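A.B. asks: The following file, coords39.cif, comprises mmCIF, C-alpha atoms; chains and numbers go by the auth columns:
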data_final
loop_
_atom_site.group_PDB
_atom_site.id
_atom_site.type_symbol
_atom_site.label_atom_id
_atom_site.label_comp_id
_atom_site.label_asym_id
_atom_site.label_seq_id
_atom_site.Cartn_x
_atom_site.Cartn_y
_atom_site.Cartn_z
_atom_site.B_iso_or_equiv
_atom_site.auth_seq_id
_atom_site.auth_asym_id
ATOM 1 C CA MET A 1 67.254 129.159 125.655 0.00 1 Y
ATOM 2 C CA PRO A 2 70.311 131.406 125.296 0.00 2 Y
ATOM 3 C CA ILE A 3 72.080 131.646 121.966 0.00 3 Y
ATOM 4 C CA VAL A 4 75.419 131.332 123.758 0.00 4 Y
ATOM 5 C CA SER A 5 76.279 130.115 127.242 0.00 5 Y
ATOM 6 C CA TRP A 6 79.309 130.618 129.434 0.00 6 Y
ATOM 7 C CA SER A 7 81.464 127.550 129.902 0.00 7 Y
ATOM 8 C CA ASP A 8 84.930 126.828 131.265 0.00 8 Y
ATOM 9 C CA ASN A 9 86.326 126.544 127.745 0.00 9 Y
ATOM 10 C CA LEU A 10 85.767 130.324 127.459 0.00 10 Y
ATOM 11 C CA SER A 11 87.706 131.123 130.631 0.00 11 Y
ATOM 12 C CA VAL A 12 91.034 132.895 130.307 0.00 12 Y
ATOM 13 C CA LYS A 13 91.674 132.362 134.048 0.00 13 Y
ATOM 14 C CA ILE A 14 91.619 136.095 134.754 0.00 14 Y
ATOM 15 C CA LYS A 15 88.620 136.938 136.911 0.00 15 Y
ATOM 16 C CA GLU A 16 88.110 140.507 135.680 0.00 16 Y
ATOM 17 C CA VAL A 17 88.260 139.457 132.032 0.00 17 Y
ATOM 18 C CA ASP A 18 86.094 136.369 132.548 0.00 18 Y
ATOM 19 C CA ASP A 19 83.489 138.523 134.324 0.00 19 Y
ATOM 20 C CA GLN A 20 83.503 140.952 131.407 0.00 20 Y
ATOM 21 C CA HIS A 21 83.197 138.123 128.900 0.00 21 Y
ATOM 22 C CA ARG A 22 80.194 136.820 130.844 0.00 22 Y
ATOM 23 C CA GLN A 23 78.619 140.277 130.621 0.00 23 Y
ATOM 24 C CA LEU A 24 79.164 140.359 126.858 0.00 24 Y
ATOM 25 C CA ILE A 25 77.562 136.935 126.533 0.00 25 Y
ATOM 26 C CA ASP A 26 74.649 138.120 128.663 0.00 26 Y
ATOM 27 C CA GLN A 27 74.185 141.151 126.407 0.00 27 Y
ATOM 28 C CA ILE A 28 74.149 138.962 123.285 0.00 28 Y
ATOM 29 C CA ASN A 29 71.532 136.767 124.951 0.00 29 Y
ATOM 30 C CA VAL A 30 69.425 139.818 125.889 0.00 30 Y
ATOM 31 C CA LEU A 31 69.587 140.922 122.261 0.00 31 Y
ATOM 32 C CA HIS A 32 68.596 137.436 121.126 0.00 32 Y
ATOM 33 C CA ASP A 33 65.635 137.384 123.515 0.00 33 Y
ATOM 34 C CA ALA A 34 64.480 140.817 122.313 0.00 34 Y
ATOM 35 C CA MET A 35 64.621 139.624 118.723 0.00 35 Y
ATOM 36 C CA LYS A 36 62.705 136.429 119.520 0.00 36 Y
ATOM 37 C CA GLN A 37 60.027 138.495 121.268 0.00 37 Y
ATOM 38 C CA ARG A 38 59.905 140.846 118.275 0.00 38 Y
ATOM 39 C CA LYS A 39 60.654 143.866 120.409 0.00 39 Y
ATOM 40 C CA GLY A 40 60.530 147.202 118.645 0.00 40 Y
ATOM 41 C CA SER A 41 63.512 148.719 116.920 0.00 41 Y
ATOM 42 C CA GLU A 42 63.894 151.256 119.741 0.00 42 Y
ATOM 43 C CA VAL A 43 64.401 148.466 122.296 0.00 43 Y
ATOM 44 C CA VAL A 44 66.698 146.493 120.004 0.00 44 Y
ATOM 45 C CA GLY A 45 68.648 149.645 119.132 0.00 45 Y
ATOM 46 C CA SER A 46 69.137 150.387 122.834 0.00 46 Y
ATOM 47 C CA ILE A 47 70.425 146.860 123.470 0.00 47 Y
ATOM 48 C CA ILE A 48 72.852 147.123 120.551 0.00 48 Y
ATOM 49 C CA ALA A 49 74.113 150.449 121.927 0.00 49 Y
ATOM 50 C CA ARG A 50 74.690 148.922 125.384 0.00 50 Y
ATOM 51 C CA LEU A 51 76.488 145.953 123.833 0.00 51 Y
ATOM 52 C CA ALA A 52 78.700 148.245 121.741 0.00 52 Y
ATOM 53 C CA ASP A 53 79.492 150.456 124.739 0.00 53 Y
ATOM 54 C CA TYR A 54 80.331 147.546 127.021 0.00 54 Y
ATOM 55 C CA THR A 55 82.444 145.917 124.316 0.00 55 Y
ATOM 56 C CA GLN A 56 84.542 149.061 123.969 0.00 56 Y
ATOM 57 C CA ARG A 57 85.040 149.308 127.737 0.00 57 Y
ATOM 58 C CA HIS A 58 86.032 145.625 127.863 0.00 58 Y
ATOM 59 C CA PHE A 59 88.517 146.019 125.022 0.00 59 Y
ATOM 60 C CA MET A 60 90.021 149.053 126.744 0.00 60 Y
ATOM 61 C CA ALA A 61 90.469 147.040 129.960 0.00 61 Y
ATOM 62 C CA GLU A 62 92.244 144.247 128.075 0.00 62 Y
ATOM 63 C CA GLU A 63 94.452 146.734 126.262 0.00 63 Y
ATOM 64 C CA GLN A 64 95.400 148.402 129.548 0.00 64 Y
ATOM 65 C CA LEU A 65 96.552 145.010 130.843 0.00 65 Y
ATOM 66 C CA PHE A 66 98.612 144.534 127.674 0.00 66 Y
ATOM 67 C CA SER A 67 100.249 147.922 128.144 0.00 67 Y
ATOM 68 C CA LYS A 68 100.883 147.447 131.851 0.00 68 Y
ATOM 69 C CA TYR A 69 102.573 144.063 131.395 0.00 69 Y
ATOM 70 C CA GLY A 70 104.174 144.518 127.961 0.00 70 Y
ATOM 71 C CA TYR A 71 102.215 141.940 125.986 0.00 71 Y
ATOM 72 C CA ILE A 72 104.120 141.538 122.721 0.00 72 Y
ATOM 73 C CA GLU A 73 101.032 140.762 120.599 0.00 73 Y
ATOM 74 C CA ALA A 74 99.137 143.837 121.839 0.00 74 Y
ATOM 75 C CA ALA A 75 99.120 145.715 118.505 0.00 75 Y
ATOM 76 C CA ARG A 76 97.716 142.755 116.568 0.00 76 Y
ATOM 77 C CA HIS A 77 95.144 142.059 119.246 0.00 77 Y
ATOM 78 C CA THR A 78 94.087 145.716 119.314 0.00 78 Y
ATOM 79 C CA ARG A 79 93.636 145.683 115.532 0.00 79 Y
ATOM 80 C CA GLU A 80 91.158 142.825 115.952 0.00 80 Y
ATOM 81 C CA HIS A 81 89.313 144.845 118.591 0.00 81 Y
ATOM 82 C CA ASN A 82 89.187 147.899 116.335 0.00 82 Y
ATOM 83 C CA ALA A 83 87.884 145.900 113.378 0.00 83 Y
ATOM 84 C CA PHE A 84 85.088 144.488 115.541 0.00 84 Y
ATOM 85 C CA ILE A 85 84.201 147.936 116.928 0.00 85 Y
ATOM 86 C CA ASP A 86 84.025 149.279 113.364 0.00 86 Y
ATOM 87 C CA LYS A 87 81.775 146.407 112.286 0.00 87 Y
ATOM 88 C CA VAL A 88 79.398 146.887 115.221 0.00 88 Y
ATOM 89 C CA ALA A 89 79.322 150.652 114.600 0.00 89 Y
ATOM 90 C CA SER A 90 78.387 149.918 110.993 0.00 90 Y
ATOM 91 C CA PHE A 91 75.561 147.624 112.161 0.00 91 Y
ATOM 92 C CA GLN A 92 74.337 150.360 114.509 0.00 92 Y
ATOM 93 C CA LYS A 93 74.421 153.026 111.827 0.00 93 Y
ATOM 94 C CA ASP A 94 72.667 150.887 109.232 0.00 94 Y
ATOM 95 C CA PHE A 95 70.074 149.720 111.767 0.00 95 Y
ATOM 96 C CA ALA A 96 69.336 153.277 112.925 0.00 96 Y
ATOM 97 C CA ALA A 97 68.996 154.436 109.316 0.00 97 Y
ATOM 98 C CA GLY A 98 66.639 151.569 108.476 0.00 98 Y
ATOM 99 C CA ARG A 99 69.032 150.086 105.921 0.00 99 Y
ATOM 100 C CA ILE A 100 69.176 146.753 107.732 0.00 100 Y
ATOM 101 C CA THR A 101 67.074 144.887 110.189 0.00 101 Y
ATOM 102 C CA LEU A 102 68.729 143.002 112.956 0.00 102 Y
ATOM 103 C CA SER A 103 68.702 139.461 111.669 0.00 103 Y
ATOM 104 C CA MET A 104 69.914 136.136 112.926 0.00 104 Y
ATOM 105 C CA ASP A 105 72.879 136.610 110.592 0.00 105 Y
ATOM 106 C CA VAL A 106 73.981 139.696 112.527 0.00 106 Y
ATOM 107 C CA LEU A 107 73.358 138.016 115.877 0.00 107 Y
ATOM 108 C CA THR A 108 75.230 134.903 114.767 0.00 108 Y
ATOM 109 C CA PHE A 109 78.145 137.076 113.640 0.00 109 Y
ATOM 110 C CA LEU A 110 78.296 138.747 117.072 0.00 110 Y
ATOM 111 C CA LYS A 111 78.139 135.431 118.906 0.00 111 Y
ATOM 112 C CA GLU A 112 80.651 133.633 116.701 0.00 112 Y
ATOM 113 C CA TRP A 113 83.092 136.541 116.680 0.00 113 Y
ATOM 114 C CA LEU A 114 83.051 136.768 120.463 0.00 114 Y
ATOM 115 C CA VAL A 115 83.402 133.030 121.081 0.00 115 Y
ATOM 116 C CA THR A 116 86.121 132.636 118.449 0.00 116 Y
ATOM 117 C CA HIS A 117 87.971 135.715 119.696 0.00 117 Y
ATOM 118 C CA ILE A 118 87.950 134.446 123.284 0.00 118 Y
ATOM 119 C CA GLN A 119 88.922 130.882 122.383 0.00 119 Y
ATOM 120 C CA THR A 120 91.755 131.854 120.049 0.00 120 Y
ATOM 121 C CA THR A 121 93.052 135.400 120.431 0.00 121 Y
ATOM 122 C CA ASP A 122 92.291 135.932 124.121 0.00 122 Y
ATOM 123 C CA LYS A 123 93.552 132.503 125.099 0.00 123 Y
ATOM 124 C CA LYS A 124 96.926 133.522 123.651 0.00 124 Y
ATOM 125 C CA TYR A 125 97.426 136.334 126.164 0.00 125 Y
ATOM 126 C CA ALA A 126 96.098 134.404 129.133 0.00 126 Y
ATOM 127 C CA PRO A 127 99.257 132.384 129.931 0.00 127 Y
ATOM 128 C CA PHE A 128 101.409 135.497 129.547 0.00 128 Y
ATOM 129 C CA LEU A 129 99.283 137.540 131.959 0.00 129 Y
ATOM 130 C CA ASN A 130 98.828 134.590 134.327 0.00 130 Y
ATOM 131 C CA ALA A 131 102.622 134.253 134.501 0.00 131 Y
ATOM 132 C CA LYS A 132 102.771 137.944 135.487 0.00 132 Y
ATOM 133 C CA GLY A 133 100.467 137.189 138.415 0.00 133 Y
ATOM 134 C CA VAL A 134 97.233 138.382 136.800 0.00 134 Y
ATOM 135 C CA SER A 135 94.449 135.998 137.732 0.00 135 Y
#
Before we go any further, please render this structure as C-alpha cells.
C.D. replies:
Amino acid sequence: MPIVSWSDNLSVKIKEVDDQHRQLIDQINVLHDAMKQRKGSEVVGSIIARLADYTQRHFMAEEQLFSKYGYIEAARHTREHNAFIDKVASFQKDFAAGRITLSMDVLTFLKEWLVTHIQTTDKKYAPFLNAKGVS
C-alpha cells in the first residue's frame, strides 16, 4: 500500500504541474517500498537522489511559470522551495555519511511537506495561472 496516493484534492488544474506532482508522489512511494523491503543503502540512496533531482526540476518548472506570468507571490513560494531543497540535501548528505538512517520520520516529513505544500502554497497560484490560460 502506498504511503501517499494521488487524489483530486491535490490537483492544481494545470496538467503539467499535476503530472509532476504525481511523479513526486510516485518517487516517495518507491522510496517507501524500498524501505519496507529493507533495500540496501545504495538502492535507497539512489532513490533519494532521483527524488531530489526531480523535485528541483519540478520547482524550476513552477518558478518559470511564475516568471512568465508575473505571479506576485513568486519570491515567497521560491523561498519555500529552496528551504525544502536544502532540507533534502541535508538528508542526502547525512545519509551518505552514515550519520542518519532513512527512517519513517524522514519519509513522513517528505510526504507531509509535499502534500501540505500542494494543498496550501500551490493551490494559491493555481487560480492565478488558470486565469492566464494555463491549464
A.B. asks: As an exercise, work out the distance from atom CA of His21 of chain Y to atom CA of Lys36 of chain Y in Å and give it to one decimal place.
C.D. replies: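 Between these atoms lies a distance of 22.6 Å.
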A.B. asks: Between Y:Glu16, Y:Glu62, Y:Glu42, Y:Asp86, which one has atoms that come closest to Thr101 of chain Y, using all atoms listed in the file?
C.D. replies: Y:Glu42
A.B. asks: My list of candidates is Y:Lys124, Y:His117, Y:Arg50, Y:Arg38. Which is closest to Ser103 of chain Y when distances are computed with all atoms listed in the file?
C.D. replies: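 Comparing Y:Lys124, Y:His117, Y:Arg50, Y:Arg38 against Ser103 of chain Y, the winner is Y:Arg38.
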A.B. asks: For each of Y:Arg57, Y:Arg99, Y:Lys87, Y:Lys132, take the minimum atom-to-atom distance to Trp113 of chain Y, counting only C-alpha atoms, then give the residue where this is smallest.
C.D. replies: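 Nearest candidate to Trp113 of chain Y out of Y:Arg57, Y:Arg99, Y:Lys87, Y:Lys132: Y:Lys87.
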A.B. asks: If you count only C-alpha atoms, which residues fall within 12 Å of Gly45 of chain Y, apart from same-chain ones fewer than 2 positions away, as a short mmCIF file (atom, residue, chain, number, x, y, z; two decimals) with C-alpha atoms, in the frame of the given file?
C.D. replies:
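Written out: around_12.cif:
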data_model
loop_
_atom_site.label_atom_id
_atom_site.label_comp_id
_atom_site.auth_asym_id
_atom_site.auth_seq_id
_atom_site.Cartn_x
_atom_site.Cartn_y
_atom_site.Cartn_z
CA VAL Y 30 69.42 139.82 125.89
CA LEU Y 31 69.59 140.92 122.26
CA ALA Y 34 64.48 140.82 122.31
CA MET Y 35 64.62 139.62 118.72
CA LYS Y 39 60.65 143.87 120.41
CA GLY Y 40 60.53 147.20 118.64
CA SER Y 41 63.51 148.72 116.92
CA GLU Y 42 63.89 151.26 119.74
CA VAL Y 43 64.40 148.47 122.30
CA ILE Y 47 70.42 146.86 123.47
CA ILE Y 48 72.85 147.12 120.55
CA ALA Y 49 74.11 150.45 121.93
CA ARG Y 50 74.69 148.92 125.38
CA LEU Y 51 76.49 145.95 123.83
CA ALA Y 52 78.70 148.24 121.74
CA VAL Y 88 79.40 146.89 115.22
CA ALA Y 89 79.32 150.65 114.60
CA PHE Y 91 75.56 147.62 112.16
CA GLN Y 92 74.34 150.36 114.51
CA LYS Y 93 74.42 153.03 111.83
CA ASP Y 94 72.67 150.89 109.23
CA PHE Y 95 70.07 149.72 111.77
CA ALA Y 96 69.34 153.28 112.92
CA ALA Y 97 69.00 154.44 109.32
CA GLY Y 98 66.64 151.57 108.48
CA ILE Y 100 69.18 146.75 107.73
CA THR Y 101 67.07 144.89 110.19
CA LEU Y 102 68.73 143.00 112.96
#
A.B. asks: With distances taken over all atoms listed in the file, which of Y:Val12, Y:Trp6, Y:Thr78, Y:Ala83 is nearest to Asn130 of chain Y?
C.D. replies: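 When distances to Asn130 of chain Y are compared using all atoms listed in the file, the smallest one comes from Y:Val12.
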A.B. asks: Near Val134 of chain Y, within 9 Å and counting all atoms listed in the file, which residues show up once chain neighbours fewer than 2 positions away are dropped, as a PyMOL selection string?
C.D. replies: chain Y and resi 13-15+65+126+128-132
A.B. asks: From the list Y:Tyr71, Y:Lys111, Y:Glu80, Y:Asp18, which residue is nearest Pro127 of chain Y when using only C-alpha atoms?
C.D. replies: Y:Tyr71
A.B. asks: Taking into account all atoms listed in the file, which residue in the set Y:Ala75, Y:Leu24, Y:Met1, Y:Met60 is nearest to Val115 of chain Y?
C.D. replies: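 Going through Y:Ala75, Y:Leu24, Y:Met1, Y:Met60 one by one, the smallest distance to Val115 of chain Y is for Y:Leu24.
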A.B. asks: In Å to one decimal, how far is atom CA of Ile3 of chain Y from atom CA of Gln37 of chain Y?
C.D. replies: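 We find that atom CA of Gln37 of chain Y and atom CA of Ile3 of chain Y lie 13.9 Å from each other.
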A.B. asks: What separation in Å, quoted to one decimal, exists between atom CA of Gln20 of chain Y and atom CA of Thr120 of chain Y?
C.D. replies: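 Those two atoms sit 16.7 Å apart.
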A.B. asks: Using the incomplete input, complete segment 58-84 of chain Y to the level of N, CA, C and O atoms; output as a short mmCIF file (atom, residue, chain, number, x, y, z; two decimals), keeping the file's coordinate frame.
C.D. replies:
data_model
loop_
_atom_site.label_atom_id
_atom_site.label_comp_id
_atom_site.auth_asym_id
_atom_site.auth_seq_id
_atom_site.Cartn_x
_atom_site.Cartn_y
_atom_site.Cartn_z
N HIS Y 58 85.32 146.89 127.64
CA HIS Y 58 86.03 145.62 127.86
C HIS Y 58 87.35 145.62 127.09
O HIS Y 58 88.40 145.26 127.64
N PHE Y 59 87.30 146.00 125.83
CA PHE Y 59 88.52 146.02 125.02
C PHE Y 59 89.55 146.96 125.63
O PHE Y 59 90.74 146.65 125.68
N MET Y 60 89.10 148.10 126.12
CA MET Y 60 90.02 149.05 126.74
C MET Y 60 90.68 148.43 127.98
O MET Y 60 91.89 148.60 128.20
N ALA Y 61 89.91 147.69 128.76
CA ALA Y 61 90.47 147.04 129.96
C ALA Y 61 91.52 146.01 129.57
O ALA Y 61 92.59 145.94 130.20
N GLU Y 62 91.24 145.22 128.54
CA GLU Y 62 92.24 144.25 128.07
C GLU Y 62 93.50 144.98 127.62
O GLU Y 62 94.62 144.59 127.97
N GLU Y 63 93.31 146.02 126.83
CA GLU Y 63 94.45 146.73 126.26
C GLU Y 63 95.28 147.42 127.35
O GLU Y 63 96.51 147.53 127.22
N GLN Y 64 94.65 147.84 128.42
CA GLN Y 64 95.40 148.40 129.55
C GLN Y 64 96.27 147.33 130.21
O GLN Y 64 97.41 147.61 130.60
N LEU Y 65 95.74 146.11 130.31
CA LEU Y 65 96.55 145.01 130.84
C LEU Y 65 97.75 144.74 129.93
O LEU Y 65 98.87 144.53 130.40
N PHE Y 66 97.52 144.77 128.63
CA PHE Y 66 98.61 144.53 127.67
C PHE Y 66 99.71 145.58 127.86
O PHE Y 66 100.90 145.25 127.88
N SER Y 67 99.29 146.82 127.99
CA SER Y 67 100.25 147.92 128.14
C SER Y 67 101.00 147.81 129.47
O SER Y 67 102.23 147.95 129.51
N LYS Y 68 100.28 147.53 130.52
CA LYS Y 68 100.88 147.45 131.85
C LYS Y 68 101.93 146.35 131.93
O LYS Y 68 102.98 146.52 132.55
N TYR Y 69 101.68 145.21 131.27
CA TYR Y 69 102.57 144.06 131.40
C TYR Y 69 103.44 143.81 130.16
O TYR Y 69 104.22 142.87 130.13
N GLY Y 70 103.31 144.64 129.14
CA GLY Y 70 104.17 144.52 127.96
C GLY Y 70 103.87 143.32 127.08
O GLY Y 70 104.80 142.68 126.58
N TYR Y 71 102.60 143.07 126.84
CA TYR Y 71 102.22 141.94 125.99
C TYR Y 71 102.66 142.21 124.56
O TYR Y 71 102.27 143.20 123.94
N ILE Y 72 103.48 141.32 124.01
CA ILE Y 72 104.12 141.54 122.72
C ILE Y 72 103.13 141.53 121.54
O ILE Y 72 103.37 142.17 120.53
N GLU Y 73 102.02 140.84 121.68
CA GLU Y 73 101.03 140.76 120.60
C GLU Y 73 99.94 141.83 120.73
O GLU Y 73 98.90 141.74 120.08
N ALA Y 74 100.17 142.83 121.55
CA ALA Y 74 99.14 143.84 121.84
C ALA Y 74 98.64 144.56 120.58
O ALA Y 74 97.44 144.75 120.42
N ALA Y 75 99.53 144.96 119.70
CA ALA Y 75 99.12 145.72 118.50
C ALA Y 75 98.20 144.88 117.61
O ALA Y 75 97.17 145.37 117.13
N ARG Y 76 98.55 143.63 117.40
CA ARG Y 76 97.72 142.76 116.57
C ARG Y 76 96.35 142.53 117.22
O ARG Y 76 95.32 142.59 116.57
N HIS Y 77 96.38 142.30 118.51
CA HIS Y 77 95.14 142.06 119.25
C HIS Y 77 94.24 143.30 119.19
O HIS Y 77 93.03 143.19 118.96
N THR Y 78 94.83 144.46 119.36
CA THR Y 78 94.09 145.72 119.31
C THR Y 78 93.49 145.95 117.93
O THR Y 78 92.36 146.45 117.82
N ARG Y 79 94.20 145.57 116.89
CA ARG Y 79 93.64 145.68 115.53
C ARG Y 79 92.37 144.84 115.39
O ARG Y 79 91.40 145.28 114.76
N GLU Y 80 92.36 143.65 115.98
CA GLU Y 80 91.16 142.82 115.95
C GLU Y 80 90.02 143.52 116.69
O GLU Y 80 88.87 143.52 116.22
N HIS Y 81 90.33 144.10 117.84
CA HIS Y 81 89.31 144.84 118.59
C HIS Y 81 88.74 145.98 117.74
O HIS Y 81 87.52 146.16 117.67
N ASN Y 82 89.63 146.75 117.12
CA ASN Y 82 89.19 147.90 116.34
C ASN Y 82 88.33 147.48 115.15
O ASN Y 82 87.34 148.16 114.83
N ALA Y 83 88.68 146.38 114.51
CA ALA Y 83 87.88 145.90 113.38
C ALA Y 83 86.48 145.51 113.85
O ALA Y 83 85.48 145.79 113.17
N PHE Y 84 86.39 144.87 115.00
CA PHE Y 84 85.09 144.49 115.54
C PHE Y 84 84.27 145.73 115.91
O PHE Y 84 83.08 145.82 115.60
#
